[in-house]
Amino acid sequence: MKNYRTQRTVGAVIALGTSVALLAACSSDSATEAESTTTAETAAAQRVSDATPRIATSYDGGVLVLDAQTLETVEDISGIEGFTRLNPAGDGRHVFISGSGAFTALDAGTWTEGSTHYTSTPAMTDIAFDATTPGHVVRHDGKTVLFDDGTGKVEVFDSAALLTGSKPETQVYTTPEAHHGVAVELSDGSLLTTVGNEDERTGIVVLDADRKEIARNEECPGVHGEAVAADETVVVGCEDGLLIYRNGAITKVQSPDVYGRIGNQAGDEKSPILLGDYKVDPDAELERPTRVSLTNTVTGELSLVDLGTSYTFRSLGRGPAGEAIVLGTDGALHVIDVNTKAVTRTIPVVDAWEEPTEWQEPRPALFVQDGTAYVSEPADNSVHAVDLATGTVTATGELAHTPNELTGVTG
């Protein structure tokens, strides 16, 4: 077990040595060979036969990094203070930890240079973006976007720039008022951000590459979450439906109920169909919904699918063919054909469970990567891997700590 405070310099050296080689590989074969040698010597990296995906799960006080195939613990990074959230950084190697005062990059220690694959010991890095209240991390079209809820500061950078081992240069935009929000940069350089303040959140605004307003809609009470669907369609949730930004125009999709909140979404950039949660009780201290929403972002058609079991905000995912996947409190993965809106398969994975009252408390979580669904089971400190093609559990990892958030990198 290692305290991250003793690893920061090591992490920076690992990232610098390896990623310079990766950038060189894009422009010169001879440079690739030379830099790969330097990488192995500087970073104490090991060559491996294939890309080595890894999974990261947070626990109270640290992060465990696991081998994605065996689910064996590769490294236990302890000494992280406060409640942390995890997100892929977008470069296939790093994970962002949203913690006390910053978005900080964790090097998961797996990467590919050209056709050569490497692994090394995971470590915290010195790459940190200061944030009063670090919130959403969004990845799209090779860009990573960070949103600071405490100040409204939005930072945008090339995801691959993390591979240099240094803090990337960023473009900064600050919303007029701070709020719990989110932002997405599109391929033409335009920026979509939420609109709100500390009292309410009302909608979205779209700014062009020069940050001049080109579209706005404030008919979205309680705006929350985002997802990108096919044809670079961006969707955010409202307490009464959704807002869809597509081809330069914003469209409101109304929920079938007066209060029909869609606050968490799972998109697939090859599918026009969006998976979302669906809650109908504005007065509930904790609503345990059994229906999910499927929205066609082209036609605006919103459909509800009843799973017969409740789920939580960490239960939504998409499979390799665009199928919707929901982890129910019955302990099973419910696979939905987004075109027919039918549950096509139910895969038992963990024991039945109940959502805790506080959202920060551990509960089973779902993360999908490369055709595998990873499901955590805090009740017995474990993580399971499910092959979505066969519906079988292929591995179970026993953990030294109780898992909370779950994410991964492809290597």
# chains A, B, ... in the order shown; residues from 1 in each chain; ligands from 1

$ residues_around --residues "range 49-61 of chain A" --least-positions-apart "6" --cutoff "9 Å" --atoms "only C-alpha atoms" --output "MDAnalysis selection string"
chainID A and resid 67:69 71 74 77:86 92:93 95 108:112 115:119 362 369 374 376 401:411

$ residues_around --residues "range 139-152 of chain A" --least-positions-apart "6" --cutoff "7 Å" --atoms "only C-alpha atoms" --output "PyMOL selection string"
chain A and resi 89-90+131-133+158-159+174-175+177-184+186-187

$ residues_around --residues "Leu275 in chain A" --least-positions-apart "4" --cutoff "6 Å" --atoms "only C-alpha atoms" --output "VMD selection string"
chain A and resid 265 to 266 293 to 294

$ atom_distance --atom1 "CA of Gly322 in chain A" --atom2 "CA of Gly260 in chain A"
24.1 Å

$ atom_distance --atom1 "CA of Glu269 in chain A" --atom2 "CA of Ala373 in chain A"
18.2 Å

$ residues_around --residues "range 192-208 of chain A" --least-positions-apart "4" --cutoff "9 Å" --atoms "only C-alpha atoms" --output "PyMOL selection string"
chain A and resi 154+175-186+188+212-224+234+236+238+243+245+248+250

$ atom_distance --atom1 "CA of Asp283 in chain A" --atom2 "CA of Pro364 in chain A"
25.1 Å

$ residues_around --residues "Gly328 in chain A" --least-positions-apart "4" --cutoff "6 Å" --atoms "only C-alpha atoms" --output "list in words"
Thr309, Ser310, Tyr311 and Ala332 of chain A

$ write_last_selection --atoms "C-alpha atoms" --output "PDB file, in the first residue's frame"
ATOM      1  CA  THR A 309     -37.096  -3.337 -10.116  1.00  0.00           C
ATOM      2  CA  SER A 310     -35.587  -0.075  -8.925  1.00  0.00           C
ATOM      3  CA  TYR A 311     -32.126   1.236  -9.785  1.00  0.00           C
ATOM      4  CA  ALA A 332     -29.360  -8.253 -12.211  1.00  0.00           C
TER       5      ALA A 332
END

$ select_by_dssp --residues "range 254-395 of chain A" --states "strand (DSSP E)" --output "ChimeraX atom specification"
/A:254,265-266,273-276,291-296,302-306,316-318,324-327,332-337,342-348,366-369,372-377,382-387,392-395

$ closest_residue --among "A:Gly300, A:Gly237, A:Gly391, A:Gly101" --to "Thr251 in chain A" --atoms "only C-alpha atoms"
A:Gly300

$ residues_around --residues "Thr357 in chain A" --least-positions-apart "6" --cutoff "12 Å" --atoms "only C-alpha atoms" --output "list in words"
Ala284, Glu285, Leu286, Glu287, Arg288, Thr312 and Arg363 of chain A

$ write_last_selection --atoms "all heavy atoms" --output "PDB file, in the first residue's frame"
ATOM      1  N   ALA A 284     -40.445  13.412  -2.919  1.00  0.00           N
ATOM      2  CA  ALA A 284     -39.826  12.240  -2.308  1.00  0.00           C
ATOM      3  C   ALA A 284     -38.427  12.570  -1.772  1.00  0.00           C
ATOM      4  O   ALA A 284     -37.630  13.217  -2.449  1.00  0.00           O
ATOM      5  CB  ALA A 284     -39.722  11.110  -3.328  1.00  0.00           C
ATOM      6  N   GLU A 285     -38.157  12.136  -0.550  1.00  0.00           N
ATOM      7  CA  GLU A 285     -36.802  12.277  -0.023  1.00  0.00           C
ATOM      8  C   GLU A 285     -35.856  11.378  -0.806  1.00  0.00           C
ATOM      9  O   GLU A 285     -34.727  11.757  -1.110  1.00  0.00           O
ATOM     10  CB  GLU A 285     -36.772  11.916   1.465  1.00  0.00           C
ATOM     11  CG  GLU A 285     -35.403  12.041   2.098  1.00  0.00           C
ATOM     12  CD  GLU A 285     -35.407  11.693   3.570  1.00  0.00           C
ATOM     13  OE1 GLU A 285     -36.490  11.448   4.139  1.00  0.00           O
ATOM     14  OE2 GLU A 285     -34.317  11.672   4.174  1.00  0.00           O
ATOM     15  N   LEU A 286     -36.321  10.199  -1.124  1.00  0.00           N
ATOM     16  CA  LEU A 286     -35.567   9.279  -1.978  1.00  0.00           C
ATOM     17  C   LEU A 286     -36.563   8.445  -2.774  1.00  0.00           C
ATOM     18  O   LEU A 286     -37.233   7.571  -2.230  1.00  0.00           O
ATOM     19  CB  LEU A 286     -34.663   8.367  -1.145  1.00  0.00           C
ATOM     20  CG  LEU A 286     -33.913   7.293  -1.932  1.00  0.00           C
ATOM     21  CD1 LEU A 286     -32.962   7.933  -2.946  1.00  0.00           C
ATOM     22  CD2 LEU A 286     -33.146   6.363  -1.003  1.00  0.00           C
ATOM     23  N   GLU A 287     -36.670   8.747  -4.052  1.00  0.00           N
ATOM     24  CA  GLU A 287     -37.557   7.977  -4.914  1.00  0.00           C
ATOM     25  C   GLU A 287     -36.784   6.805  -5.496  1.00  0.00           C
ATOM     26  O   GLU A 287     -35.635   6.953  -5.921  1.00  0.00           O
ATOM     27  CB  GLU A 287     -38.107   8.852  -6.040  1.00  0.00           C
ATOM     28  CG  GLU A 287     -39.086   8.121  -6.947  1.00  0.00           C
ATOM     29  CD  GLU A 287     -39.697   9.031  -8.004  1.00  0.00           C
ATOM     30  OE1 GLU A 287     -39.477  10.253  -7.934  1.00  0.00           O
ATOM     31  OE2 GLU A 287     -40.386   8.509  -8.902  1.00  0.00           O
ATOM     32  N   ARG A 288     -37.431   5.654  -5.499  1.00  0.00           N
ATOM     33  CA  ARG A 288     -36.800   4.456  -6.065  1.00  0.00           C
ATOM     34  C   ARG A 288     -37.578   4.059  -7.322  1.00  0.00           C
ATOM     35  O   ARG A 288     -38.469   3.201  -7.277  1.00  0.00           O
ATOM     36  CB  ARG A 288     -36.769   3.329  -5.034  1.00  0.00           C
ATOM     37  CG  ARG A 288     -35.867   3.632  -3.826  1.00  0.00           C
ATOM     38  CD  ARG A 288     -35.776   2.448  -2.885  1.00  0.00           C
ATOM     39  NE  ARG A 288     -34.737   2.622  -1.893  1.00  0.00           N
ATOM     40  CZ  ARG A 288     -34.923   3.147  -0.677  1.00  0.00           C
ATOM     41  NH1 ARG A 288     -36.142   3.540  -0.317  1.00  0.00           N
ATOM     42  NH2 ARG A 288     -33.910   3.269   0.164  1.00  0.00           N
ATOM     43  N   THR A 312     -30.373   2.944  -9.479  1.00  0.00           N
ATOM     44  CA  THR A 312     -29.865   4.226  -9.005  1.00  0.00           C
ATOM     45  C   THR A 312     -29.114   4.945 -10.124  1.00  0.00           C
ATOM     46  O   THR A 312     -28.981   4.428 -11.240  1.00  0.00           O
ATOM     47  CB  THR A 312     -28.917   4.070  -7.798  1.00  0.00           C
ATOM     48  OG1 THR A 312     -27.620   3.636  -8.248  1.00  0.00           O
ATOM     49  CG2 THR A 312     -29.469   3.062  -6.796  1.00  0.00           C
ATOM     50  N   ARG A 363     -22.926   1.878  -3.135  1.00  0.00           N
ATOM     51  CA  ARG A 363     -23.989   0.996  -3.614  1.00  0.00           C
ATOM     52  C   ARG A 363     -23.458   0.338  -4.886  1.00  0.00           C
ATOM     53  O   ARG A 363     -22.528   0.870  -5.505  1.00  0.00           O
ATOM     54  CB  ARG A 363     -25.290   1.730  -3.861  1.00  0.00           C
ATOM     55  CG  ARG A 363     -25.468   2.476  -5.174  1.00  0.00           C
ATOM     56  CD  ARG A 363     -24.743   3.801  -5.261  1.00  0.00           C
ATOM     57  NE  ARG A 363     -25.000   4.669  -4.137  1.00  0.00           N
ATOM     58  CZ  ARG A 363     -26.105   5.409  -3.996  1.00  0.00           C
ATOM     59  NH1 ARG A 363     -27.039   5.385  -4.932  1.00  0.00           N
ATOM     60  NH2 ARG A 363     -26.232   6.196  -2.954  1.00  0.00           N
TER      61      ARG A 363
END
